[in-house]
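Source file: model-v9.cif (mmCIF, C-alpha atoms and all ligand atoms)
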data_final
loop_
_atom_site.label_atom_id
_atom_site.label_comp_id
_atom_site.auth_asym_id
_atom_site.auth_seq_id
_atom_site.Cartn_x
_atom_site.Cartn_y
_atom_site.Cartn_z
CA GLU G 1 72.63 -3.78 -97.43
CA PRO G 2 75.52 -3.74 -94.96
CA LEU G 3 78.40 -6.12 -95.60
CA ILE G 4 77.99 -7.52 -92.08
CA ARG G 5 74.70 -7.66 -90.19
CA ILE G 6 74.77 -9.29 -86.78
CA ASP G 7 71.45 -9.37 -84.92
CA GLN G 8 70.94 -10.22 -81.24
CA LEU G 9 73.73 -12.72 -81.35
CA SER G 10 74.79 -14.73 -78.31
CA LYS G 11 77.44 -17.36 -77.76
CA GLN G 12 77.59 -19.67 -74.80
CA TYR G 13 80.20 -22.23 -73.88
CA LYS G 14 79.28 -25.24 -71.75
CA MET G 15 82.01 -25.97 -69.23
CA GLY G 16 81.17 -29.04 -67.16
CA GLY G 17 77.93 -27.99 -65.43
CA GLU G 18 78.52 -24.26 -66.00
CA THR G 19 77.46 -22.03 -68.88
CA VAL G 20 79.83 -19.23 -69.85
CA HIS G 21 78.09 -16.33 -71.60
CA ALA G 22 80.92 -15.19 -73.89
CA LEU G 23 78.68 -12.94 -76.05
CA SER G 24 75.22 -11.65 -75.10
CA ASP G 25 72.75 -9.93 -77.42
CA ILE G 26 75.32 -8.41 -79.80
CA SER G 27 74.02 -6.40 -82.79
CA ILE G 28 76.46 -4.87 -85.27
CA ARG G 29 76.25 -3.41 -88.79
CA ILE G 30 79.40 -2.97 -90.85
CA ASP G 31 79.17 -1.29 -94.27
CA HIS G 32 81.39 -1.76 -97.31
CA GLY G 33 84.39 0.52 -96.86
CA ASP G 34 84.19 0.77 -93.06
CA PHE G 35 87.25 0.59 -90.83
CA VAL G 36 85.97 -0.71 -87.50
CA ALA G 37 87.92 -1.44 -84.33
CA ILE G 38 86.44 -3.78 -81.74
CA ILE G 39 88.06 -3.07 -78.40
CA GLY G 40 87.68 -4.69 -75.02
CA PRO G 41 89.74 -5.97 -72.10
CA SER G 42 90.91 -9.56 -71.73
CA GLY G 43 87.97 -11.94 -71.31
CA SER G 44 85.43 -9.49 -72.77
CA GLY G 45 84.59 -11.76 -75.74
CA LYS G 46 86.83 -10.34 -78.49
CA SER G 47 88.24 -13.68 -79.66
CA THR G 48 84.79 -15.24 -79.60
CA LEU G 49 83.42 -12.38 -81.71
CA MET G 50 86.41 -12.57 -84.07
CA ASN G 51 85.82 -16.32 -84.50
CA VAL G 52 82.14 -15.73 -85.31
CA ILE G 53 82.80 -12.82 -87.71
CA GLY G 54 85.61 -14.89 -89.30
CA CYS G 55 83.32 -17.90 -89.79
CA LEU G 56 85.59 -20.01 -87.58
CA ASP G 57 82.75 -20.67 -85.13
CA SER G 58 78.94 -20.37 -85.05
CA PRO G 59 76.79 -18.41 -82.60
CA THR G 60 74.47 -20.19 -80.15
CA THR G 61 71.54 -17.88 -80.98
CA GLY G 62 70.92 -14.85 -83.17
CA SER G 63 71.80 -14.25 -86.79
CA TYR G 64 74.86 -13.31 -88.80
CA TRP G 65 74.54 -12.18 -92.40
CA LEU G 66 77.75 -11.79 -94.35
CA ASP G 67 77.62 -10.28 -97.84
CA ASN G 68 73.89 -11.11 -98.23
CA GLU G 69 74.22 -14.69 -97.03
CA GLU G 70 73.09 -16.02 -93.66
CA VAL G 71 76.07 -17.87 -92.24
CA SER G 72 74.94 -18.38 -88.64
CA ARG G 73 73.55 -21.89 -89.15
CA LEU G 74 76.03 -23.27 -91.65
CA LYS G 75 78.01 -26.47 -91.09
CA GLU G 76 81.79 -26.42 -90.83
CA ASN G 77 82.56 -27.37 -94.46
CA LYS G 78 80.31 -24.62 -95.84
CA LEU G 79 81.73 -22.12 -93.33
CA ALA G 80 85.26 -23.02 -94.43
CA GLU G 81 84.36 -22.33 -98.03
CA ILE G 82 82.88 -18.90 -97.15
CA ARG G 83 85.91 -18.12 -94.97
CA ASN G 84 88.20 -18.85 -97.92
CA ARG G 85 86.35 -16.59 -100.32
CA LYS G 86 85.25 -13.73 -98.11
CA ILE G 87 87.81 -13.15 -95.38
CA GLY G 88 91.46 -12.18 -95.35
CA PHE G 89 92.90 -12.97 -91.90
CA ILE G 90 95.72 -10.99 -90.27
CA PHE G 91 97.13 -12.35 -87.00
CA GLN G 92 99.29 -10.99 -84.22
CA GLY G 93 102.02 -13.57 -84.86
CA PHE G 94 101.97 -13.15 -88.69
CA ASN G 95 101.53 -16.95 -89.17
CA LEU G 96 103.83 -17.06 -92.22
CA LEU G 97 105.36 -20.34 -93.35
CA SER G 98 109.09 -20.02 -92.68
CA LYS G 99 110.30 -22.23 -95.54
CA LEU G 100 108.37 -20.26 -98.17
CA SER G 101 109.29 -16.92 -99.74
CA ALA G 102 107.13 -13.82 -99.32
CA TYR G 103 105.67 -14.50 -102.78
CA GLU G 104 104.91 -18.16 -102.00
CA ASN G 105 103.23 -17.23 -98.70
CA VAL G 106 100.97 -14.76 -100.49
CA GLU G 107 100.24 -17.21 -103.30
CA LEU G 108 99.15 -20.01 -100.94
CA PRO G 109 95.55 -18.94 -100.22
CA LEU G 110 95.07 -18.36 -103.96
CA ILE G 111 96.19 -21.95 -104.64
CA TYR G 112 93.62 -23.16 -102.05
CA ARG G 113 90.97 -21.10 -103.80
CA GLY G 114 91.83 -22.69 -107.13
CA VAL G 115 92.99 -19.48 -108.85
CA ALA G 116 94.82 -20.49 -112.05
CA GLY G 117 98.56 -19.91 -112.56
CA ARG G 118 98.86 -16.64 -114.42
CA LEU G 119 96.05 -14.80 -112.60
CA ARG G 120 97.43 -16.13 -109.33
CA LYS G 121 100.84 -14.65 -110.04
CA GLU G 122 99.30 -11.30 -110.99
CA GLN G 123 97.18 -11.17 -107.84
CA ALA G 124 100.05 -12.16 -105.54
CA ILE G 125 102.39 -9.55 -107.03
CA GLU G 126 99.65 -6.91 -106.93
CA ALA G 127 99.05 -7.61 -103.23
CA LEU G 128 102.78 -7.44 -102.43
CA SER G 129 103.02 -4.15 -104.36
CA LYS G 130 100.11 -2.69 -102.35
CA VAL G 131 102.03 -3.27 -99.11
CA GLY G 132 105.27 -1.88 -100.57
CA LEU G 133 107.14 -5.18 -100.80
CA ALA G 134 107.42 -5.69 -104.56
CA ASP G 135 111.22 -5.73 -104.15
CA ARG G 136 111.18 -8.40 -101.41
CA VAL G 137 109.20 -11.18 -103.11
CA HIS G 138 111.99 -13.78 -102.92
CA HIS G 139 112.84 -13.14 -99.26
CA LYS G 140 112.01 -15.72 -96.60
CA PRO G 141 110.28 -14.45 -93.42
CA SER G 142 113.56 -14.79 -91.44
CA GLU G 143 115.20 -12.35 -93.88
CA LEU G 144 112.56 -9.69 -93.20
CA SER G 145 111.93 -7.36 -90.25
CA GLY G 146 108.85 -7.83 -88.05
CA GLY G 147 107.05 -4.99 -89.80
CA GLN G 148 107.89 -6.43 -93.21
CA GLN G 149 106.67 -9.88 -92.12
CA GLN G 150 103.37 -8.38 -91.04
CA ARG G 151 103.15 -6.59 -94.40
CA VAL G 152 103.63 -9.96 -96.16
CA ALA G 153 100.81 -11.34 -93.99
CA ILE G 154 98.65 -8.34 -94.94
CA ALA G 155 99.44 -9.00 -98.62
CA ARG G 156 98.40 -12.64 -98.12
CA ALA G 157 95.10 -11.41 -96.62
CA LEU G 158 94.60 -8.98 -99.53
CA ALA G 159 95.37 -11.47 -102.30
CA GLY G 160 92.32 -12.12 -104.42
CA ASN G 161 90.62 -9.08 -102.88
CA PRO G 162 88.23 -10.65 -100.31
CA PRO G 163 85.40 -8.34 -99.10
CA ILE G 164 86.75 -8.20 -95.53
CA LEU G 165 90.13 -7.94 -93.87
CA LEU G 166 89.86 -9.30 -90.33
CA ALA G 167 92.84 -8.35 -88.17
CA ASP G 168 93.40 -9.81 -84.69
CA GLU G 169 95.85 -7.61 -82.69
CA PRO G 170 97.88 -6.97 -85.87
CA THR G 171 100.41 -4.75 -84.07
CA GLY G 172 100.63 -6.83 -80.88
CA ALA G 173 104.01 -8.37 -81.73
CA LEU G 174 105.57 -5.14 -83.06
CA ASP G 175 107.38 -2.26 -81.37
CA THR G 176 105.42 1.00 -81.13
CA ARG G 177 106.96 2.69 -84.16
CA THR G 178 106.52 -0.33 -86.42
CA GLY G 179 102.98 -0.74 -85.11
CA VAL G 180 102.22 2.86 -86.14
CA GLU G 181 103.59 2.10 -89.63
CA VAL G 182 101.43 -1.00 -89.96
CA MET G 183 98.35 0.98 -88.85
CA GLY G 184 99.28 3.62 -91.45
CA LEU G 185 99.22 0.89 -94.09
CA MET G 186 95.83 -0.34 -92.87
CA LYS G 187 94.43 3.20 -93.07
CA GLN G 188 95.79 3.54 -96.59
CA LEU G 189 94.20 0.22 -97.61
CA ASN G 190 90.90 1.40 -96.14
CA LYS G 191 91.12 4.63 -98.18
CA GLN G 192 91.56 2.41 -101.24
CA GLY G 193 88.21 0.81 -100.40
CA HIS G 194 89.10 -2.26 -98.31
CA THR G 195 86.72 -2.99 -95.43
CA ILE G 196 88.68 -3.66 -92.24
CA VAL G 197 87.59 -5.14 -88.92
CA LEU G 198 90.31 -4.95 -86.31
CA ILE G 199 90.25 -6.56 -82.87
CA THR G 200 92.42 -5.05 -80.16
CA HIS G 201 92.75 -4.34 -76.46
CA ASP G 202 94.89 -1.24 -77.19
CA LEU G 203 93.06 2.11 -77.06
CA SER G 204 95.63 4.00 -79.15
CA ILE G 205 95.34 1.37 -81.91
CA SER G 206 91.53 1.44 -81.87
CA GLN G 207 91.59 5.25 -82.23
CA GLN G 208 93.19 4.89 -85.67
CA ALA G 209 90.02 3.26 -86.99
CA GLY G 210 87.04 5.21 -88.35
CA ARG G 211 84.68 3.64 -85.88
CA VAL G 212 85.11 1.98 -82.48
CA ILE G 213 82.88 -0.68 -80.92
CA ARG G 214 83.66 -1.37 -77.28
CA ILE G 215 82.76 -4.69 -75.69
CA GLN G 216 82.66 -5.49 -72.02
CA ASP G 217 81.54 -8.77 -70.45
CA GLY G 218 80.27 -9.99 -73.82
CA ARG G 219 78.07 -6.97 -74.49
CA ILE G 220 78.51 -3.85 -76.57
CA SER G 221 79.03 -1.10 -74.03
CA GLU G 222 79.73 1.83 -76.33
CA GLU G 223 79.95 2.71 -79.96
CA GLY G 224 81.57 5.80 -81.41
CA GLY G 225 83.19 7.22 -84.53
CA GLU G 226 82.23 9.13 -87.63
CA THR G 227 79.92 6.59 -89.24
CA ARG G 228 77.84 6.08 -86.15
CA GLU G 229 77.56 9.78 -85.29
CA ARG G 230 76.33 10.54 -88.78
CA ARG G 231 73.75 7.78 -88.52
CA THR G 232 72.37 8.67 -85.12
CA SER G 233 72.32 12.47 -85.51
P1 LIG G 301 88.89 -12.04 -75.12
O1 LIG G 301 89.32 -12.44 -76.50
O2 LIG G 301 88.31 -10.66 -75.07
O3 LIG G 301 89.95 -12.27 -74.11
P2 LIG G 301 87.25 -14.47 -75.17
O4 LIG G 301 86.32 -14.38 -76.30
O5 LIG G 301 88.48 -15.30 -75.35
O6 LIG G 301 87.65 -12.98 -74.71
O7 LIG G 301 86.50 -15.00 -73.90
C1 LIG G 301 85.22 -14.52 -73.45
C2 LIG G 301 84.74 -15.40 -72.30
O8 LIG G 301 84.45 -16.71 -72.78
C3 LIG G 301 85.78 -15.58 -71.20
O9 LIG G 301 85.08 -15.67 -69.98
C4 LIG G 301 86.42 -16.90 -71.55
O10 LIG G 301 86.94 -17.52 -70.41
C5 LIG G 301 85.26 -17.68 -72.14
N1 LIG G 301 85.68 -18.66 -73.17
C6 LIG G 301 86.31 -18.37 -74.33
N2 LIG G 301 86.50 -19.50 -75.05
C7 LIG G 301 85.99 -20.51 -74.32
C8 LIG G 301 85.88 -21.94 -74.52
N3 LIG G 301 86.33 -22.53 -75.62
N4 LIG G 301 85.30 -22.66 -73.54
C9 LIG G 301 84.82 -22.06 -72.41
N5 LIG G 301 84.88 -20.74 -72.17
C10 LIG G 301 85.46 -19.98 -73.10
P1 LIG G 302 94.82 -15.51 -80.28
O1 LIG G 302 94.35 -14.16 -80.73
O2 LIG G 302 93.91 -16.13 -79.23
O3 LIG G 302 96.27 -15.57 -79.90
P2 LIG G 302 95.03 -16.37 -83.05
O4 LIG G 302 94.99 -14.95 -83.47
O5 LIG G 302 96.24 -17.16 -83.35
O6 LIG G 302 94.65 -16.54 -81.51
O7 LIG G 302 93.80 -17.13 -83.71
C1 LIG G 302 92.47 -16.68 -83.59
C2 LIG G 302 91.56 -17.76 -84.16
O8 LIG G 302 91.87 -18.00 -85.54
C3 LIG G 302 91.71 -19.10 -83.46
O9 LIG G 302 90.42 -19.68 -83.30
C4 LIG G 302 92.55 -19.96 -84.38
O10 LIG G 302 92.18 -21.31 -84.32
C5 LIG G 302 92.22 -19.38 -85.74
N1 LIG G 302 93.38 -19.40 -86.65
C6 LIG G 302 94.67 -19.23 -86.30
N2 LIG G 302 95.46 -19.29 -87.37
C7 LIG G 302 94.65 -19.49 -88.46
C8 LIG G 302 94.87 -19.60 -89.87
N3 LIG G 302 96.08 -19.53 -90.40
N4 LIG G 302 93.80 -19.77 -90.67
C9 LIG G 302 92.56 -19.84 -90.16
N5 LIG G 302 92.30 -19.74 -88.83
C10 LIG G 302 93.32 -19.56 -87.99
#
Output the structure of this file as structure tokens.
Amino acid sequence: EPLIRIDQLSKQYKMGGETVHALSDISIRIDHGDFVAIIGPSGSGKSTLMNVIGCLDSPTTGSYWLDNEEVSRLKENKLAEIRNRKIGFIFQGFNLLSKLSAYENVELPLIYRGVAGRLRKEQAIEALSKVGLADRVHHKPSELSGGQQQRVAIARALAGNPPILLADEPTGALDTRTGVEVMGLMKQLNKQGHTIVLITHDLSISQQAGRVIRIQDGRISEEGGETRERRTS
């Protein structure tokens, strides 16, 4: 079974008398261990798709199975619980809490998940070690570079080892060189077995992933990359 199975999914927004078709008839499979980039221009439906994959919003029609559970029809409180357990979010703007240290930022989602003290500490330190920041645990975000702040945010997403890392323009706020470093870290995490879904409008970023899904006007217009070629040949 794939980790993510999206079948004929559509999402419409009602705006006054108008209906906006943000996603139309989207079908996607993502396996454990995949590194998938979803690329499309502004307005193509990327954020809508990210919100559905991230269990932040529900589709209008179609189905979404995540880790053997159908999540497309769940109510907000159940979605929130699945989001907590299954998805590590990485955002363009890092979204770190400025008053907390790197360690405390990484620990926070584990507190929400009810992970007990000692295990929580182990998991937070392990995640910070994986991103190469074991020697920066007491630093506040303002004492770290942009690349280091994004690595703290990646550690926060990794903590507790959720099945999916979902990254929304993770290099968008970084200079080119730092962006390349952060993508290098993501590739390394993928080699270690983490499944990554990355949303971007940047072609050179998407090319770092193992597989690229292109969306245009809310539809999948093209799909390429190793996994897909192997499957279709
Ligand atoms: P992207 O992230 O690729 O820029 P979006 O998913 O934000 O694309 O938007 C896809 C389409 O859906 C656009 O036409 C956008 O204007 C529309 N849209 C997105 N969110 C809403 C909303 N909350 N209400 C109405 N229309 C929306
Ligand atoms: P954008 O890509 O449009 O600038 P963000 O990346 O900040 O937006 O957020 C994408 C989606 O994730 C939004 O629907 C937002 O409400 C939600 N979101 C933002 N921050 C968090 C967070 N810390 N935890 C959970 N959801 C979030």
Using all atoms of ligand LIG 301 (chain G) that appear in the file, construct an axis-aligned enclosing box with 3 Å of padding on every side and provide its centre coordinates and edge lengths in Å, rounded to one decimal, as lines of an AutoDock Vina configuration file.
center_x = 87.2
center_y = -16.7
center_z = -73.2
size_x = 11.5
size_y = 18.0
size_z = 12.5
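When only C-alpha atoms and all ligand atoms are used to compute distances to ligand LIG 302 (chain G), the closest of the residues G:Gln92, G:Gln208, G:Ser27, G:Asn105 turns out to be G:Gln92.
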Which residues sit within 12 Å of ligand LIG 302 (chain G), counting all atoms listed in the file, listed as a compact mmCIF listing (two decimals) with C-alpha atoms, in the frame of the given file?
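Writing the result to result-v5.txt gives the following:
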# COMPACT_ATOMS: atom_id res chain seq x y z
CA SER G 42 90.91 -9.56 -71.73
CA GLY G 43 87.97 -11.94 -71.31
CA GLY G 45 84.59 -11.76 -75.74
CA LYS G 46 86.83 -10.34 -78.49
CA SER G 47 88.24 -13.68 -79.66
CA THR G 48 84.79 -15.24 -79.60
CA LEU G 49 83.42 -12.38 -81.71
CA MET G 50 86.41 -12.57 -84.07
CA ASN G 51 85.82 -16.32 -84.50
CA VAL G 52 82.14 -15.73 -85.31
CA ILE G 53 82.80 -12.82 -87.71
CA GLY G 54 85.61 -14.89 -89.30
CA CYS G 55 83.32 -17.90 -89.79
CA LEU G 56 85.59 -20.01 -87.58
CA ASP G 57 82.75 -20.67 -85.13
CA SER G 58 78.94 -20.37 -85.05
CA LEU G 79 81.73 -22.12 -93.33
CA ALA G 80 85.26 -23.02 -94.43
CA GLU G 81 84.36 -22.33 -98.03
CA ILE G 82 82.88 -18.90 -97.15
CA ARG G 83 85.91 -18.12 -94.97
CA ASN G 84 88.20 -18.85 -97.92
CA ILE G 87 87.81 -13.15 -95.38
CA GLY G 88 91.46 -12.18 -95.35
CA PHE G 89 92.90 -12.97 -91.90
CA ILE G 90 95.72 -10.99 -90.27
CA PHE G 91 97.13 -12.35 -87.00
CA GLN G 92 99.29 -10.99 -84.22
CA GLY G 93 102.02 -13.57 -84.86
CA PHE G 94 101.97 -13.15 -88.69
CA ASN G 95 101.53 -16.95 -89.17
CA LEU G 96 103.83 -17.06 -92.22
CA LEU G 97 105.36 -20.34 -93.35
CA ASN G 105 103.23 -17.23 -98.70
CA LEU G 108 99.15 -20.01 -100.94
CA PRO G 109 95.55 -18.94 -100.22
CA TYR G 112 93.62 -23.16 -102.05
CA ALA G 153 100.81 -11.34 -93.99
CA ARG G 156 98.40 -12.64 -98.12
CA ALA G 157 95.10 -11.41 -96.62
CA LEU G 166 89.86 -9.30 -90.33
CA ALA G 167 92.84 -8.35 -88.17
CA ASP G 168 93.40 -9.81 -84.69
CA GLU G 169 95.85 -7.61 -82.69
CA PRO G 170 97.88 -6.97 -85.87
CA THR G 171 100.41 -4.75 -84.07
CA GLY G 172 100.63 -6.83 -80.88
CA ALA G 173 104.01 -8.37 -81.73
CA LEU G 198 90.31 -4.95 -86.31
CA ILE G 199 90.25 -6.56 -82.87
CA THR G 200 92.42 -5.05 -80.16
CA HIS G 201 92.75 -4.34 -76.46
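Closest approach to Gly33 (chain G) among G:Arg73, G:His139, G:Lys191, G:Arg214 is made by G:Lys191 (distances from only C-alpha atoms).
Atom pair CA of Val36 (chain G) / CA of Arg211 (chain G): separated by 4.8 Å.
Distance-wise, CA of Val20 (chain G) and atom O2 of ligand LIG 301 (chain G) end up 13.1 Å apart.
Relative to CA of Asp175 (chain G), CA of Gly210 (chain G) is found at 22.8 Å.
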Requested in this report: Could you give me, as a PyMOL selection string, the residues within 9 Å of Lys140 (chain G), counting only C-alpha atoms and dropping anything in the same chain fewer than 2 positions from it?
Outcome: chain G and resi 97-103+136-138+142-144
Query - Minimum-distance residue to Thr19 (chain G), chosen among G:Gln207, G:Ser145, G:Thr60, G:Ser129 (using all atoms listed in the file) - result: G:Thr60
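By chain and then residue number, the residues within 9 Å of region 124-126 of chain G are Tyr103, Glu104, Val106, Glu107, Leu110, Leu119, Val131, Leu133, Ala134, Val137, Ala155, Arg156, Leu158, Ala159 and Gly160 of chain G, counting only C-alpha atoms and disregarding those fewer than 5 positions away in sequence.
Shortest separation to ligand LIG 301 (chain G) among G:Asp217, G:Glu122, G:Glu181, G:Asp135 occurs at residue G:Asp217, atoms counted being only C-alpha atoms and all ligand atoms.
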Requested in this report: Measuring atom to atom with only C-alpha atoms and all ligand atoms, identify which of G:Leu3, G:Leu9, G:Ile164, G:Ile38 is nearest to ligand LIG 301 (chain G).
Outcome: G:Ile38
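Within 8 Å of the point (102.9, -2.3, -90.6) in file coordinates, and counting all atoms listed in the file, lie the residues Gly147, Gln148, Gln150, Arg151, Thr171, Thr178, Gly179, Val180, Glu181, Val182, Met183, Gly184, Leu185 and Met186 of chain G.
Counting only C-alpha atoms and all ligand atoms, the residue from G:Asp34, G:Ser221, G:Leu189, G:Ile215 that sits nearest to ligand LIG 301 (chain G) is G:Ile215.
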